[in-house]
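Note: the block below is protein.pdb and it holds PDB, C-alpha atoms.
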```
ATOM      1  CA  MET A  25      10.390   4.802  -3.805
ATOM      2  CA  ARG A  26      12.031   7.541  -1.752
ATOM      3  CA  ARG A  27      11.130   8.793   1.686
ATOM      4  CA  GLY A  28       9.297  12.139   1.717
ATOM      5  CA  THR A  29       7.713  11.665  -1.707
ATOM      6  CA  THR A  30       4.088  11.107  -2.773
ATOM      7  CA  PRO A  31       4.211   7.901  -4.826
ATOM      8  CA  THR A  32       1.356   5.860  -6.227
ATOM      9  CA  ILE A  33       1.785   2.160  -5.475
ATOM     10  CA  ILE A  34       0.082   0.102  -8.212
ATOM     11  CA  LEU A  35      -0.815  -3.463  -7.276
ATOM     12  CA  THR A  36      -2.041  -5.814 -10.003
ATOM     13  CA  CYS A  37      -3.537  -9.286  -9.587
ATOM     14  CA  GLU A  38      -5.162 -10.928 -12.613
ATOM     15  CA  ASP A  39      -6.582 -13.735 -10.415
ATOM     16  CA  LEU A  40      -8.810 -11.438  -8.354
ATOM     17  CA  ASP A  41     -11.613  -9.027  -9.210
ATOM     18  CA  PHE A  42     -11.163  -6.324  -6.591
ATOM     19  CA  THR A  43     -14.502  -4.706  -7.461
ATOM     20  CA  GLN A  44     -16.269  -7.843  -6.196
ATOM     21  CA  MET A  45     -14.583  -7.842  -2.774
ATOM     22  CA  LYS A  46     -16.528  -7.135   0.395
ATOM     23  CA  SER A  47     -13.377  -6.004   2.240
ATOM     24  CA  LEU A  48      -9.868  -5.082   1.099
ATOM     25  CA  TYR A  49      -6.745  -4.528   3.195
ATOM     26  CA  ILE A  50      -3.435  -3.432   1.692
ATOM     27  CA  THR A  51      -0.605  -3.525   4.215
ATOM     28  CA  LEU A  52       2.816  -1.946   3.740
ATOM     29  CA  ALA A  53       5.271  -2.868   6.481
ATOM     30  CA  GLN A  54       8.920  -2.880   7.448
ATOM     31  CA  GLN A  55      10.587  -5.546   9.562
ATOM     32  CA  MET A  56      11.491  -3.231  12.441
ATOM     33  CA  GLY A  57       9.435  -0.181  11.628
ATOM     34  CA  TRP A  58       6.157   1.428  10.775
ATOM     35  CA  LYS A  59       3.177  -0.340   9.239
ATOM     36  CA  LYS A  60       0.384   1.222   7.178
ATOM     37  CA  THR A  61      -2.853  -0.546   6.291
ATOM     38  CA  VAL A  62      -5.225   0.926   3.693
ATOM     39  CA  ARG A  63      -8.847  -0.253   3.506
ATOM     40  CA  GLU A  64     -11.423  -0.184   0.724
ATOM     41  CA  ASN A  65     -13.149   2.974   2.017
ATOM     42  CA  ASP A  66      -9.905   4.946   2.296
ATOM     43  CA  LEU A  67      -9.732   8.053   0.111
ATOM     44  CA  ASN A  68      -6.138   7.171  -0.775
ATOM     45  CA  LEU A  69      -7.165   3.981  -2.581
ATOM     46  CA  GLU A  70      -8.483   3.569  -6.126
ATOM     47  CA  ILE A  71     -10.051   0.215  -6.984
ATOM     48  CA  SER A  72     -10.541  -1.296 -10.440
ATOM     49  CA  GLU A  73     -11.156  -4.881 -11.562
ATOM     50  CA  HIS A  74      -7.596  -6.245 -11.352
ATOM     51  CA  GLU A  75      -5.680  -3.232 -10.047
ATOM     52  CA  LEU A  76      -5.368  -1.229  -6.849
ATOM     53  CA  LYS A  77      -3.712   2.182  -6.665
ATOM     54  CA  VAL A  78      -2.542   3.323  -3.235
ATOM     55  CA  TYR A  79      -1.672   7.014  -2.967
ATOM     56  CA  LEU A  80       0.880   7.738  -0.236
ATOM     57  CA  THR A  81       1.506  11.122   1.347
ATOM     58  CA  GLN A  82       4.813  12.696   2.332
ATOM     59  CA  GLU A  83       3.915  11.916   5.947
ATOM     60  CA  ASP A  84       3.357   8.246   5.062
ATOM     61  CA  THR A  85       6.676   7.762   3.289
ATOM     62  CA  LEU A  86       8.644   9.731   5.892
ATOM     63  CA  ARG A  87       7.587   7.156   8.497
ATOM     64  CA  PHE A  88       9.437   4.429   6.629
ATOM     65  CA  HIS A  89      13.145   3.832   7.187
ATOM     66  CA  ASN A  90      15.629   3.347   4.362
ATOM     67  CA  GLY A  91      15.506  -0.297   3.329
ATOM     68  CA  VAL A  92      12.944  -2.882   2.281
ATOM     69  CA  VAL A  93       9.159  -2.476   2.537
ATOM     70  CA  GLN A  94       6.850  -5.448   2.137
ATOM     71  CA  VAL A  95       3.321  -5.226   0.718
ATOM     72  CA  GLN A  96       0.427  -7.678   0.765
ATOM     73  CA  ILE A  97      -3.270  -7.606  -0.132
ATOM     74  CA  ARG A  98      -5.860  -9.465   1.907
ATOM     75  CA  ALA A  99      -9.467  -9.515   0.783
ATOM     76  CA  LEU A 100     -12.831 -10.974   1.668
ATOM     77  CA  ALA A 101     -15.110 -11.885  -1.224
ATOM     78  CA  SER A 102     -18.873 -11.385  -1.038
ATOM     79  CA  ASP A 103     -19.279 -15.167  -0.660
ATOM     80  CA  GLY A 104     -17.107 -15.155   2.496
ATOM     81  CA  VAL A 105     -13.925 -16.559   0.923
ATOM     82  CA  ALA A 106     -10.803 -14.887   2.373
ATOM     83  CA  VAL A 107      -7.735 -14.545   0.148
ATOM     84  CA  ALA A 108      -4.193 -13.229   0.552
ATOM     85  CA  THR A 109      -1.642 -12.423  -2.144
ATOM     86  CA  ASP A 110       2.016 -13.299  -2.027
ATOM     87  CA  ILE A 111       4.129 -10.745  -0.182
ATOM     88  CA  SER A 112       6.051  -8.446  -2.516
ATOM     89  CA  SER A 113       8.798  -6.046  -1.570
ATOM     90  CA  PHE A 114      10.493  -2.894  -2.787
ATOM     91  CA  ASP A 115      13.237  -0.576  -1.564
ATOM     92  CA  ILE A 116      12.856   2.776   0.169
ATOM     93  CA  GLY A 117      15.577   5.228  -0.818
ATOM     94  CA  PRO A 118      17.062   7.967   1.351
ATOM     95  CA  ILE A 119      16.662  11.721   1.142
ATOM     96  CA  LEU A 120      19.041  14.422   2.342
ATOM     97  CA  TYR A 121      16.468  16.967   3.569
ATOM     98  CA  ASP A 122      14.079  15.306   6.024
ATOM     99  CA  GLY A 123      10.544  16.475   6.733
ATOM    100  CA  VAL A 124       7.434  17.531   4.857
ATOM    101  CA  ILE A 125       8.020  20.196   2.228
ATOM    102  CA  SER A 126       5.513  22.750   0.969
TER
END
```
How would this structure read if it were set down as structure tokens?
Amino acid sequence: MRRGTTPTIILTCEDLDFTQMKSLYITLAQQMGWKKTVRENDLNLEISEHELKVYLTQEDTLRFHNGVVQVQIRALASDGVAVATDISSFDIGPILYDGVIS
């Protein structure tokens, strides 16, 4: 992913049925930087049975620094069981022209 873009982050987990979760939290974070948490009622999140799609804005990705971003899903099932996925990571690439474009 590059800073200043509008990517869709697709998270897949065959072990969980996201449509049956009472609460969902998707957190993207950098070691020494900005953190973004998306919840189940966020307009920038699409939920299906085993897949979550997180839609990031230019403003979101511009807050990240070049380097590694970590992502994790935490969820609460309707029966009260709390789960957390392994932490995954991906790289944020640089851009030459900084700022939101229109």
(message) I need the residue nearest Phe88 (chain A) from this list: A:Ala106, A:Ile116, A:Ile125, A:Ile50. Use all atoms listed in the file for the distance.
(response) A:Ile116
(request) Please work out which residues fall within 9 Å of (14.5, -7.5, -1.1), coordinates as given in the file, with only C-alpha atoms counting, and return them as a list in words. (result) Gly91, Val92, Val93, Gln94, Ser112, Ser113, Phe114 and Asp115 of chain A
Go ahead and save the picked residues with C-alpha atoms, as a PDB file, keeping the file's coordinate frame.
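out_34.pdb was written with the following content:
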```pdb
ATOM      1  CA  GLY A  91      15.506  -0.297   3.329  1.00  0.00           C
ATOM      2  CA  VAL A  92      12.944  -2.882   2.281  1.00  0.00           C
ATOM      3  CA  VAL A  93       9.159  -2.476   2.537  1.00  0.00           C
ATOM      4  CA  GLN A  94       6.850  -5.448   2.137  1.00  0.00           C
ATOM      5  CA  SER A 112       6.051  -8.446  -2.516  1.00  0.00           C
ATOM      6  CA  SER A 113       8.798  -6.046  -1.570  1.00  0.00           C
ATOM      7  CA  PHE A 114      10.493  -2.894  -2.787  1.00  0.00           C
ATOM      8  CA  ASP A 115      13.237  -0.576  -1.564  1.00  0.00           C
TER       9      ASP A 115
END
```
(request) Go ahead and compute the interatomic distance for CA of Lys46 (chain A) and CA of Ile33 (chain A), in Å to one decimal. (result) 21.4 Å
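CA of Ile111 (chain A) sits 19.0 Å away from CA of Thr85 (chain A).
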(request) In Å, rounded to a single decimal, give me how far CA of Leu35 (chain A) is from CA of Glu75 (chain A). (result) 5.6 Å
(request) Taking the file above as input, evaluate the PyMOL selection byres ((chain A and resi 27) around 8) and report the hits as a PyMOL selection string. (result) chain A and resi 25-26+28-29+82+85-90+116-119
(request) Show which residues sit within 10 Å of Phe42 (chain A), as a list in words. Count all atoms listed in the file, and ignore same-chain residues fewer than 4 positions away. (result) Thr36, Cys37, Glu38, Lys46, Ser47, Leu48, Glu64, Ile71, Ser72, Glu73, His74, Glu75, Leu76, Ala99, Leu100 and Ala101 of chain A
